[in-house]
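Below is protein04.txt, which holds compact mmCIF, C-alpha atoms.
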# COMPACT_ATOMS: atom_id res chain seq x y z
CA MET A 1326 97.18 30.14 -64.66
CA LEU A 1327 98.56 30.42 -61.14
CA GLN A 1328 102.27 30.92 -60.53
CA ILE A 1329 103.84 29.85 -57.24
CA ALA A 1330 107.59 30.41 -56.98
CA GLU A 1331 110.33 31.14 -54.48
CA ILE A 1332 111.95 34.54 -55.01
CA PRO A 1333 114.27 36.98 -53.21
CA PHE A 1334 112.49 40.07 -51.91
CA GLY A 1335 113.18 42.89 -49.48
CA GLY A 1336 116.53 41.56 -48.33
CA TRP A 1337 115.24 38.05 -47.65
CA ALA A 1338 116.47 35.28 -49.95
CA ARG A 1339 113.38 33.08 -49.58
CA ASN A 1340 109.90 34.45 -50.20
CA CYS A 1341 106.87 32.84 -51.81
CA LEU A 1342 105.39 34.61 -54.84
CA ILE A 1343 101.76 33.75 -55.60
CA SER A 1344 100.28 35.29 -58.75
CA ASN A 1345 97.44 34.79 -61.20
CA GLY A 1346 99.21 36.88 -63.83
CA ARG A 1347 97.32 40.06 -62.93
CA ILE A 1348 97.88 40.48 -59.19
CA GLU A 1349 100.58 39.10 -56.93
CA ALA A 1350 101.25 38.45 -53.25
CA VAL A 1351 104.67 37.88 -51.72
CA VAL A 1352 104.91 36.08 -48.38
CA THR A 1353 108.10 35.90 -46.34
CA GLU A 1354 109.51 32.46 -45.49
CA GLU A 1355 112.48 33.49 -43.32
CA VAL A 1356 110.29 35.40 -40.82
CA GLY A 1357 106.62 35.81 -40.15
CA PRO A 1358 104.41 34.78 -41.69
CA ARG A 1359 104.00 38.19 -43.30
CA VAL A 1360 102.36 39.00 -46.61
CA ILE A 1361 104.93 41.63 -47.43
CA ARG A 1362 103.66 42.63 -50.90
CA LEU A 1363 100.20 42.89 -52.48
CA ALA A 1364 99.90 44.58 -55.85
CA PHE A 1365 99.00 44.44 -59.48
CA VAL A 1366 101.91 42.67 -61.17
CA GLY A 1367 104.90 45.00 -61.33
CA LYS A 1368 103.02 47.97 -59.86
CA THR A 1369 102.72 49.83 -56.56
CA ASN A 1370 102.80 47.77 -53.37
CA LEU A 1371 99.65 48.54 -51.40
CA PHE A 1372 101.31 47.28 -48.22
CA VAL A 1373 103.97 49.35 -46.47
CA GLU A 1374 107.57 48.15 -46.53
CA MET A 1375 109.60 49.23 -43.51
CA SER A 1376 112.90 49.66 -45.32
CA GLU A 1377 115.03 49.78 -42.17
CA GLU A 1378 113.72 46.36 -41.08
CA LEU A 1379 113.57 44.43 -44.34
CA GLY A 1380 115.88 41.43 -44.41
CA ILE A 1381 116.21 41.15 -40.62
CA THR A 1382 116.07 37.64 -39.14
CA GLY A 1383 116.54 36.34 -35.59
CA GLY A 1384 116.84 38.26 -32.35
CA SER A 1385 114.42 38.92 -29.50
CA GLU A 1386 113.05 42.28 -30.70
CA TRP A 1387 109.65 42.39 -32.41
CA HIS A 1388 109.65 44.11 -35.82
CA ILE A 1389 106.75 45.54 -37.77
CA PHE A 1390 108.49 44.66 -41.11
CA GLY A 1391 105.39 45.89 -42.95
CA GLY A 1392 102.72 44.04 -44.87
CA HIS A 1393 99.99 41.87 -43.38
CA ARG A 1394 100.30 39.86 -40.18
CA LEU A 1395 98.28 37.74 -37.75
CA TRP A 1396 98.00 38.50 -34.04
CA HIS A 1397 95.74 37.33 -31.23
CA ALA A 1398 93.61 39.89 -29.39
CA PRO A 1399 93.26 41.57 -26.98
CA GLU A 1400 96.51 43.48 -27.36
CA VAL A 1401 98.90 43.22 -24.45
CA ASN A 1402 102.66 43.48 -24.12
CA PRO A 1403 104.58 41.17 -24.22
CA ARG A 1404 102.04 38.58 -25.47
CA SER A 1405 101.06 40.39 -28.65
CA TYR A 1406 104.64 41.36 -29.44
CA TYR A 1407 106.14 37.89 -29.61
CA PRO A 1408 109.05 38.24 -32.08
CA ASP A 1409 108.16 36.37 -35.27
CA ASN A 1410 111.74 36.56 -36.52
CA GLY A 1411 112.21 32.89 -37.35
CA PRO A 1412 111.46 30.84 -40.47
CA VAL A 1413 108.03 29.46 -41.26
CA SER A 1414 107.17 26.14 -42.83
CA VAL A 1415 105.55 26.33 -46.25
CA GLU A 1416 103.03 23.88 -47.67
CA LYS A 1417 102.12 24.58 -51.27
CA THR A 1418 98.55 23.95 -52.44
CA LYS A 1419 96.79 24.06 -55.81
CA GLU A 1420 95.53 27.57 -55.06
CA GLY A 1421 98.47 29.01 -53.15
CA ALA A 1422 100.25 28.02 -49.96
CA ARG A 1423 100.06 27.69 -46.18
CA PHE A 1424 102.62 29.47 -43.98
CA ILE A 1425 102.98 28.02 -40.49
CA GLN A 1426 104.90 29.66 -37.68
CA GLU A 1427 106.70 27.69 -35.01
CA ILE A 1428 104.83 27.49 -31.69
CA GLU A 1429 105.36 30.70 -29.72
CA LYS A 1430 107.46 29.73 -26.70
CA SER A 1431 105.94 32.27 -24.31
CA THR A 1432 102.28 31.83 -25.31
CA GLY A 1433 101.92 28.27 -26.62
CA ILE A 1434 100.02 29.64 -29.64
CA GLN A 1435 100.86 28.73 -33.23
CA LYS A 1436 99.95 31.07 -36.11
CA GLU A 1437 99.17 30.12 -39.68
CA ILE A 1438 98.19 32.10 -42.76
CA GLU A 1439 96.86 30.33 -45.84
CA ILE A 1440 96.68 32.19 -49.15
CA LYS A 1441 94.29 31.12 -51.90
CA MET A 1442 94.69 33.11 -55.10
CA TRP A 1443 91.59 33.36 -57.29
CA GLU A 1444 92.39 32.46 -60.87
CA ASN A 1445 89.74 34.51 -62.68
CA GLU A 1446 89.37 37.52 -60.37
CA ASN A 1447 91.75 40.02 -58.80
CA ALA A 1448 91.08 38.46 -55.43
CA LEU A 1449 92.50 36.26 -52.67
CA THR A 1450 91.04 34.27 -49.82
CA VAL A 1451 93.20 34.68 -46.72
CA ILE A 1452 92.62 32.17 -43.91
CA HIS A 1453 94.11 32.93 -40.49
CA ARG A 1454 94.45 30.12 -37.95
CA LEU A 1455 95.45 30.12 -34.28
CA THR A 1456 96.12 26.80 -32.55
CA ASN A 1457 96.43 26.40 -28.79
CA HIS A 1458 99.29 24.03 -27.86
CA ASN A 1459 98.93 24.63 -24.12
CA LEU A 1460 97.39 22.20 -21.64
CA TRP A 1461 94.78 24.79 -20.66
CA PRO A 1462 92.21 26.89 -22.57
CA ILE A 1463 93.00 30.46 -23.59
CA GLU A 1464 90.53 33.23 -24.37
CA LEU A 1465 91.54 35.08 -27.52
CA ALA A 1466 90.38 36.36 -30.88
CA PRO A 1467 92.19 36.17 -34.23
CA TRP A 1468 93.30 39.58 -35.38
CA ALA A 1469 94.32 40.27 -39.00
CA LEU A 1470 96.29 43.49 -39.51
CA SER A 1471 97.13 44.98 -42.92
CA ALA A 1472 99.75 47.74 -42.69
CA MET A 1473 99.04 49.89 -45.74
CA ALA A 1474 101.45 52.12 -47.67
CA LYS A 1475 101.73 55.83 -46.97
CA GLY A 1476 99.45 58.47 -48.42
CA GLY A 1477 96.17 56.59 -48.81
CA MET A 1478 92.71 56.75 -47.31
CA ALA A 1479 90.83 54.08 -45.35
CA ILE A 1480 87.06 53.71 -45.64
CA ILE A 1481 84.68 52.10 -43.13
CA PRO A 1482 80.94 52.04 -43.85
CA GLN A 1483 78.46 53.51 -41.42
CA GLU A 1484 75.30 51.59 -40.57
CA PRO A 1485 72.35 52.47 -42.84
CA TYR A 1486 70.33 55.43 -41.61
CA GLN A 1487 67.23 54.70 -39.52
CA SER A 1488 64.87 57.28 -38.13
CA TRP A 1489 64.07 57.59 -34.43
CA SER A 1490 60.62 56.19 -35.09
CA ASP A 1491 62.06 53.15 -36.92
CA ASN A 1492 64.56 52.06 -34.29
CA LEU A 1493 65.14 53.32 -30.74
CA LEU A 1494 68.17 51.09 -30.11
CA PRO A 1495 71.85 51.66 -30.99
CA VAL A 1496 73.11 49.94 -34.13
CA ARG A 1497 76.86 49.50 -33.44
CA PRO A 1498 79.69 50.46 -31.08
CA LEU A 1499 82.33 53.06 -31.84
CA VAL A 1500 85.40 52.39 -29.71
CA LEU A 1501 88.10 54.87 -28.73
CA TRP A 1502 91.53 54.46 -27.16
CA GLY A 1503 93.24 56.72 -24.65
CA TYR A 1504 95.13 58.40 -27.50
CA SER A 1505 92.14 58.62 -29.88
CA GLU A 1506 91.32 62.18 -30.98
CA MET A 1507 88.01 62.61 -32.77
CA ASP A 1508 88.89 66.14 -33.90
CA ASP A 1509 91.96 64.85 -35.76
CA PRO A 1510 91.66 66.22 -39.33
CA ARG A 1511 92.80 62.86 -40.70
CA PHE A 1512 89.35 61.52 -39.74
CA ARG A 1513 86.11 62.40 -41.51
CA TRP A 1514 82.93 61.24 -39.75
CA GLY A 1515 80.45 61.13 -42.60
CA LYS A 1516 76.81 60.09 -42.63
CA LYS A 1517 77.54 57.03 -44.77
CA TYR A 1518 81.27 56.44 -44.29
CA VAL A 1519 84.09 57.08 -41.86
CA THR A 1520 87.37 57.85 -43.59
CA LEU A 1521 90.90 58.10 -42.21
CA LYS A 1522 93.80 59.50 -44.20
CA GLN A 1523 97.41 58.45 -43.73
CA ASN A 1524 99.55 61.58 -43.41
CA PRO A 1525 103.36 61.09 -43.35
CA GLN A 1526 103.72 64.51 -41.67
CA ALA A 1527 101.33 63.73 -38.79
CA SER A 1528 103.43 61.91 -36.20
CA SER A 1529 100.82 61.38 -33.47
CA PRO A 1530 99.06 57.97 -33.52
CA ASN A 1531 95.29 57.68 -33.67
CA LYS A 1532 92.91 54.74 -33.57
CA ALA A 1533 89.22 53.83 -33.66
CA GLY A 1534 87.30 50.56 -33.51
CA PHE A 1535 83.96 49.66 -35.07
CA GLY A 1536 81.39 46.94 -34.61
CA ASN A 1537 81.26 46.76 -38.39
CA LYS A 1538 78.15 44.78 -39.32
CA GLN A 1539 78.61 45.68 -42.99
CA GLY A 1540 81.67 43.43 -42.93
CA TRP A 1541 84.05 45.39 -45.13
CA GLY A 1542 86.69 48.08 -45.14
CA ALA A 1543 88.79 49.58 -47.93
CA TYR A 1544 91.99 51.50 -48.61
CA LEU A 1545 92.43 53.82 -51.57
CA LEU A 1546 96.03 54.51 -52.61
CA GLY A 1547 96.20 56.68 -55.69
CA GLU A 1548 94.13 54.83 -58.30
CA TYR A 1549 94.40 51.48 -56.50
CA LEU A 1550 91.63 50.21 -54.24
CA PHE A 1551 92.05 47.40 -51.71
CA ILE A 1552 88.85 45.93 -50.28
CA LYS A 1553 88.93 43.65 -47.24
CA ILE A 1554 85.82 41.63 -46.41
CA ALA A 1555 85.35 39.78 -43.11
CA SER A 1556 81.88 38.67 -42.07
CA TYR A 1557 80.30 39.94 -38.85
CA ARG A 1558 78.72 37.39 -36.51
CA GLU A 1559 75.58 38.66 -34.79
CA HIS A 1560 75.43 38.03 -31.03
CA ALA A 1561 79.12 37.10 -30.89
CA VAL A 1562 81.38 38.85 -28.37
CA TYR A 1563 84.18 40.80 -30.06
CA PRO A 1564 87.33 42.11 -28.34
CA ASP A 1565 88.07 45.77 -27.68
CA MET A 1566 84.53 46.58 -26.53
CA GLY A 1567 82.90 45.04 -29.56
CA SER A 1568 85.29 45.91 -32.39
CA SER A 1569 85.26 43.76 -35.53
CA PHE A 1570 87.23 46.32 -37.59
CA GLU A 1571 89.84 48.79 -36.41
CA LEU A 1572 91.81 51.63 -37.97
CA TYR A 1573 95.20 52.77 -36.70
CA THR A 1574 97.53 55.35 -38.21
CA ASP A 1575 100.73 57.23 -37.53
CA HIS A 1576 103.34 58.85 -39.78
CA ARG A 1577 104.64 55.48 -41.03
CA PHE A 1578 101.54 53.63 -42.25
CA LEU A 1579 97.84 52.99 -41.73
CA GLU A 1580 96.54 49.67 -40.46
CA LEU A 1581 93.24 48.28 -41.76
CA GLU A 1582 92.40 45.53 -39.28
CA SER A 1583 89.66 42.94 -38.87
CA LEU A 1584 89.01 40.80 -35.81
CA GLY A 1585 87.13 37.59 -35.17
CA PRO A 1586 84.97 36.97 -32.09
CA LEU A 1587 86.47 36.06 -28.74
CA SER A 1588 86.50 32.35 -28.02
CA LEU A 1589 87.78 30.07 -25.28
CA LEU A 1590 90.24 28.08 -27.33
CA GLN A 1591 90.65 24.62 -25.85
CA PRO A 1592 93.97 22.70 -25.75
CA HIS A 1593 94.88 21.56 -29.29
CA GLY A 1594 91.93 23.56 -30.63
CA THR A 1595 92.13 25.82 -33.69
CA VAL A 1596 90.14 28.94 -34.52
CA GLU A 1597 89.90 30.39 -38.04
CA HIS A 1598 89.31 33.90 -39.30
CA VAL A 1599 88.73 34.41 -43.03
CA GLU A 1600 89.26 37.58 -45.04
CA TYR A 1601 88.59 38.13 -48.73
CA TRP A 1602 90.85 40.62 -50.50
CA PHE A 1603 89.93 42.36 -53.76
CA LEU A 1604 92.06 44.74 -55.83
CA PHE A 1605 90.82 47.32 -58.33
CA GLU A 1606 92.68 49.93 -60.38
CA GLY A 1607 91.61 53.11 -62.10
CA VAL A 1608 89.50 54.20 -59.10
CA THR A 1609 89.14 57.96 -58.70
CA ALA A 1610 87.11 58.39 -55.51
CA GLU A 1611 87.41 61.54 -53.43
CA ASP A 1612 86.88 61.97 -49.69
CA SER A 1613 83.14 62.48 -49.71
CA ASP A 1614 80.16 60.23 -49.15
CA GLU A 1615 78.84 61.04 -52.62
CA SER A 1616 82.09 60.11 -54.37
CA ILE A 1617 82.54 56.91 -52.35
CA ASP A 1618 78.95 55.94 -53.12
CA ARG A 1619 79.61 56.46 -56.80
CA GLU A 1620 83.14 55.04 -57.21
CA VAL A 1621 83.69 52.53 -54.37
CA ARG A 1622 80.31 51.16 -53.28
CA PRO A 1623 79.59 49.38 -56.62
CA LEU A 1624 82.97 47.64 -56.42
CA VAL A 1625 82.25 46.51 -52.86
CA GLU A 1626 78.87 45.16 -53.91
CA ARG A 1627 80.44 43.32 -56.83
CA ALA A 1628 83.10 41.80 -54.56
CA MET A 1629 80.56 40.67 -52.00
CA SER A 1630 78.44 39.04 -54.70
CA LEU A 1631 81.41 36.81 -55.61
CA ILE A 1632 81.94 35.36 -52.13
Encoding of this model in structure tokens:
Amino acid sequence: MLQIAEIPFGGWARNCLISNGRIEAVVTEEVGPRVIRLAFVGKTNLFVEMSEELGITGGSEWHIFGGHRLWHAPEVNPRSYYPDNGPVSVEKTKEGARFIQEIEKSTGIQKEIEIKMWENENALTVIHRLTNHNLWPIELAPWALSAMAKGGMAIIPQEPYQSWSDNLLPVRPLVLWGYSEMDDPRFRWGKKYVTLKQNPQASSPNKAGFGNKQGWGAYLLGEYLFIKIASYREHAVYPDMGSSFELYTDHRFLELESLGPLSLLQPHGTVEHVEYWFLFEGVTAEDSDESIDREVRPLVERAMSLI
């Protein structure tokens, strides 16, 4: 049976706890919206908590806070860094709740995250909405960023192997930033999977984007596995040179990000981007294609079969 309750958390007095008795999500109400905790009940938070920023409200400075957030792509300052330091409105539903930000004064965009907790699976449906309150259209893409806790490993699937004689055309873009370093030992560029480890001692940032037609990414933290599924739309135009998934890391956290296609959002129009989150425990995968195939791939296939 689902539990929806208001609790104190992380220095904020008002947060929404959504739980099915096995897993739980905590969403801030005084700032955000941010999903600040995702975990098996009473166990390790898979999302990072920025301890020096927890409990902050108000002010004109943007804060990472931690957890999961919604942005609109492409990234540009100051548009992307609008300070979401004010309260959100909360509308409870039978399956969870909707968290609606006030209209951003400088952009005219309003953000909303809706959480639907699955009752019989360790899973959530997370719906991201952007609404244009301007009098003119705006080109943007919804961008869902999960800032994961330190010390884990992200996994992005490669496209299935095809021989030269089977296909002469490229199968997906790999996108690099000005600070991307492909020889960074935190990355492993495998035949079946790309992995990126979060290293608290490695201070330099690194990032890569993927036109991820497989539609999933994962993060392994100890024995806990977080799988994020977001469908890929063929022939759609994605931001950041065709990126539908992105990985970013520095010494503080690792971000597992999914993006929707670019669209010209008309006045009073709304665009949605849906992610499905699955949690598993007791996973013992290592950083090799063979181990990921054996320990992670079956869980991904099971999760996808439930959507």
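Within the 10 Å cut-off around Thr1432 in chain A, using only C-alpha atoms and omitting residues fewer than 5 positions from it on the same chain, the listed residues are Pro1403, Arg1404, Ser1405, Tyr1407, Asn1457, His1458, Asn1459 and Ile1463 of chain A.
Using only C-alpha atoms, the smallest distance between any of A:Ser1568, A:Gln1483, A:Thr1369, A:Asn1447 and Trp1514 in chain A comes from A:Gln1483.
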Kindly assemble as CSV a list of the range 1454-1492 of chain A residues that lie within 10 Å of range 1605-1626 of chain A, each paired with its nearest atom pair and their distance in Å to one decimal, using all atoms listed in the file, sorted first by chain and then by ascending residue number.
residue,atom,partner,partner_atom,distance
A:Met1478,CA,A:Asp1612,CA,8.2
A:Ala1479,CA,A:Asp1612,CA,9.8
A:Ile1480,CA,A:Ile1617,CA,8.7
A:Pro1482,CA,A:Arg1622,CA,9.5
Take the residues from that selection and put them in a file with C-alpha atoms, as a tab-separated table (two decimals), in the coordinates of the input.
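Wrote it out as out31.tsv, contents follow:
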chain	number	residue	atom	x	y	z
A	1478	MET	CA	92.71	56.75	-47.31
A	1479	ALA	CA	90.83	54.08	-45.35
A	1480	ILE	CA	87.06	53.71	-45.64
A	1482	PRO	CA	80.94	52.04	-43.85
Mind running range 1458-1503 of chain A against range 1587-1604 of chain A at 12 Å and telling me each contacting residue's nearest atom pair with the distance in Å (one decimal), counting all atoms listed in the file, chain and number ascending, as a Markdown table?
| residue | atom | partner | partner_atom | distance |
| --- | --- | --- | --- | --- |
| A:His1458 | CA | A:His1593 | CA | 5.3 |
| A:Asn1459 | CA | A:Pro1592 | CA | 5.6 |
| A:Leu1460 | CA | A:Pro1592 | CA | 5.4 |
| A:Trp1461 | CA | A:Pro1592 | CA | 5.6 |
| A:Pro1462 | CA | A:Gln1591 | CA | 4.3 |
| A:Ile1463 | CA | A:Leu1590 | CA | 5.2 |
| A:Glu1464 | CA | A:Leu1589 | CA | 4.3 |
| A:Leu1465 | CA | A:Leu1587 | CA | 5.3 |
| A:Ala1466 | CA | A:Leu1587 | CA | 4.5 |
| A:Pro1467 | CA | A:His1598 | CA | 6.3 |
| A:Trp1468 | CA | A:His1598 | CA | 8.0 |
| A:Ala1469 | CA | A:His1598 | CA | 8.1 |
| A:Leu1470 | CA | A:Glu1600 | CA | 10.7 |
| A:Ser1471 | CA | A:Trp1602 | CA | 10.8 |
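Restricting the calculation to all atoms listed in the file, the smallest distance between Met1566 in chain A and any of A:Asn1410, A:Pro1485, A:Phe1535, A:Leu1493 is found for A:Phe1535.
What separates CA of Glu1354 in chain A from CA of Ser1414 in chain A is a distance of 7.2 Å.
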Quick one: everything within 10 Å of range 1385-1392 of chain A, counting all atoms listed in the file, minus sequence neighbours fewer than 6 positions away in the same chain. Send it as a PyMOL selection string. chain A and resi 1335+1351-1353+1356-1363+1370-1379+1403+1405-1410+1470-1474+1577-1578+1580
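The smallest atom-to-atom distance between Ala1364 in chain A and any of A:Leu1550, A:Tyr1563, A:Glu1484, A:Ile1329, using all atoms listed in the file, is found for A:Leu1550.
If you look at CA of Gly1346 in chain A and CA of Val1366 in chain A, they are 6.9 Å away from each other.
Between CA of Thr1382 in chain A and CA of Val1413 in chain A there is a distance of 11.7 Å.
With all atoms listed in the file taken into account, every residue lying no more than 9 Å from the file point (100.9, 27.7, -31.4) is included here: Gln1426, Glu1427, Ile1428, Glu1429, Lys1430, Thr1432, Gly1433, Ile1434, Gln1435, Lys1436, Glu1437, Leu1455, Thr1456, Asn1457, His1458, Asn1459 and His1593 of chain A.
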Mind dumping the selected residues with C-alpha atoms as an mmCIF file, in the coordinates of the input?
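out_22.cif written:
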data_model
loop_
_atom_site.group_PDB
_atom_site.id
_atom_site.type_symbol
_atom_site.label_atom_id
_atom_site.label_comp_id
_atom_site.auth_asym_id
_atom_site.auth_seq_id
_atom_site.Cartn_x
_atom_site.Cartn_y
_atom_site.Cartn_z
ATOM 1 C CA GLN A 1426 104.900 29.660 -37.680
ATOM 2 C CA GLU A 1427 106.700 27.690 -35.010
ATOM 3 C CA ILE A 1428 104.830 27.490 -31.690
ATOM 4 C CA GLU A 1429 105.360 30.700 -29.720
ATOM 5 C CA LYS A 1430 107.460 29.730 -26.700
ATOM 6 C CA THR A 1432 102.280 31.830 -25.310
ATOM 7 C CA GLY A 1433 101.920 28.270 -26.620
ATOM 8 C CA ILE A 1434 100.020 29.640 -29.640
ATOM 9 C CA GLN A 1435 100.860 28.730 -33.230
ATOM 10 C CA LYS A 1436 99.950 31.070 -36.110
ATOM 11 C CA GLU A 1437 99.170 30.120 -39.680
ATOM 12 C CA LEU A 1455 95.450 30.120 -34.280
ATOM 13 C CA THR A 1456 96.120 26.800 -32.550
ATOM 14 C CA ASN A 1457 96.430 26.400 -28.790
ATOM 15 C CA HIS A 1458 99.290 24.030 -27.860
ATOM 16 C CA ASN A 1459 98.930 24.630 -24.120
ATOM 17 C CA HIS A 1593 94.880 21.560 -29.290
#
Which residues of range 1543-1615 of chain A sit at most 12 Å from range 1498-1502 of chain A, using all atoms listed in the file? Give each one's shortest atom pair and distance in Å (one decimal place), in chain and ascending residue order, as a tab-separated table.
residue	atom	partner	partner_atom	distance
A:Tyr1563	CA	A:Pro1498	CA	10.7
A:Pro1564	CA	A:Val1500	CA	10.5
A:Asp1565	CA	A:Val1500	CA	7.4
A:Met1566	CA	A:Val1500	CA	6.7
A:Gly1567	CA	A:Pro1498	CA	6.5
A:Ser1568	CA	A:Val1500	CA	7.0
A:Ser1569	CA	A:Pro1498	CA	9.8
A:Phe1570	CA	A:Val1500	CA	10.1
A:Glu1571	CA	A:Val1500	CA	8.8
A:Leu1572	CA	A:Leu1501	CA	10.5
A:Tyr1573	CA	A:Trp1502	CA	10.4
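Distance check against Arg1423 in chain A using only C-alpha atoms: of A:Ala1330, A:Leu1579, A:Ala1527, A:Ile1438, the minimum falls on A:Ile1438.
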Hey, could you patch up range 1579-1593 of chain A with N, CA and C atoms and hand it over as a PDB file, keeping the file's coordinate frame?
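In the end it all went to rebuild-v7.pdb:
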ATOM      1  N   LEU A1579      99.199  53.104 -42.272  1.00  0.00           N
ATOM      2  CA  LEU A1579      97.840  52.990 -41.730  1.00  0.00           C
ATOM      3  C   LEU A1579      97.490  51.510 -41.693  1.00  0.00           C
ATOM      4  N   GLU A1580      96.934  51.065 -40.576  1.00  0.00           N
ATOM      5  CA  GLU A1580      96.540  49.670 -40.460  1.00  0.00           C
ATOM      6  C   GLU A1580      95.020  49.519 -40.608  1.00  0.00           C
ATOM      7  N   LEU A1581      94.630  48.673 -41.550  1.00  0.00           N
ATOM      8  CA  LEU A1581      93.240  48.280 -41.760  1.00  0.00           C
ATOM      9  C   LEU A1581      93.109  46.877 -41.181  1.00  0.00           C
ATOM     10  N   GLU A1582      92.372  46.751 -40.073  1.00  0.00           N
ATOM     11  CA  GLU A1582      92.400  45.530 -39.280  1.00  0.00           C
ATOM     12  C   GLU A1582      90.991  44.935 -39.153  1.00  0.00           C
ATOM     13  N   SER A1583      90.913  43.614 -39.198  1.00  0.00           N
ATOM     14  CA  SER A1583      89.660  42.940 -38.870  1.00  0.00           C
ATOM     15  C   SER A1583      89.919  41.943 -37.755  1.00  0.00           C
ATOM     16  N   LEU A1584      88.888  41.691 -36.955  1.00  0.00           N
ATOM     17  CA  LEU A1584      89.010  40.800 -35.810  1.00  0.00           C
ATOM     18  C   LEU A1584      87.860  39.791 -35.825  1.00  0.00           C
ATOM     19  N   GLY A1585      88.160  38.581 -35.379  1.00  0.00           N
ATOM     20  CA  GLY A1585      87.130  37.590 -35.170  1.00  0.00           C
ATOM     21  C   GLY A1585      86.586  37.694 -33.758  1.00  0.00           C
ATOM     22  N   PRO A1586      85.520  36.960 -33.444  1.00  0.00           N
ATOM     23  CA  PRO A1586      84.970  36.970 -32.090  1.00  0.00           C
ATOM     24  C   PRO A1586      85.915  36.336 -31.076  1.00  0.00           C
ATOM     25  N   LEU A1587      85.753  36.719 -29.824  1.00  0.00           N
ATOM     26  CA  LEU A1587      86.470  36.060 -28.740  1.00  0.00           C
ATOM     27  C   LEU A1587      85.967  34.639 -28.587  1.00  0.00           C
ATOM     28  N   SER A1588      86.881  33.729 -28.295  1.00  0.00           N
ATOM     29  CA  SER A1588      86.500  32.350 -28.020  1.00  0.00           C
ATOM     30  C   SER A1588      87.437  31.771 -26.970  1.00  0.00           C
ATOM     31  N   LEU A1589      86.952  30.792 -26.240  1.00  0.00           N
ATOM     32  CA  LEU A1589      87.780  30.070 -25.280  1.00  0.00           C
ATOM     33  C   LEU A1589      88.370  28.888 -26.032  1.00  0.00           C
ATOM     34  N   LEU A1590      89.597  29.068 -26.476  1.00  0.00           N
ATOM     35  CA  LEU A1590      90.240  28.080 -27.330  1.00  0.00           C
ATOM     36  C   LEU A1590      90.813  26.952 -26.473  1.00  0.00           C
ATOM     37  N   GLN A1591      90.261  25.766 -26.660  1.00  0.00           N
ATOM     38  CA  GLN A1591      90.650  24.620 -25.850  1.00  0.00           C
ATOM     39  C   GLN A1591      92.021  24.086 -26.256  1.00  0.00           C
ATOM     40  N   PRO A1592      92.686  23.308 -25.388  1.00  0.00           N
ATOM     41  CA  PRO A1592      93.970  22.700 -25.750  1.00  0.00           C
ATOM     42  C   PRO A1592      93.865  21.930 -27.063  1.00  0.00           C
ATOM     43  N   HIS A1593      94.803  22.174 -27.965  1.00  0.00           N
ATOM     44  CA  HIS A1593      94.880  21.560 -29.290  1.00  0.00           C
ATOM     45  C   HIS A1593      93.746  22.025 -30.210  1.00  0.00           C
TER      46      HIS A1593
END
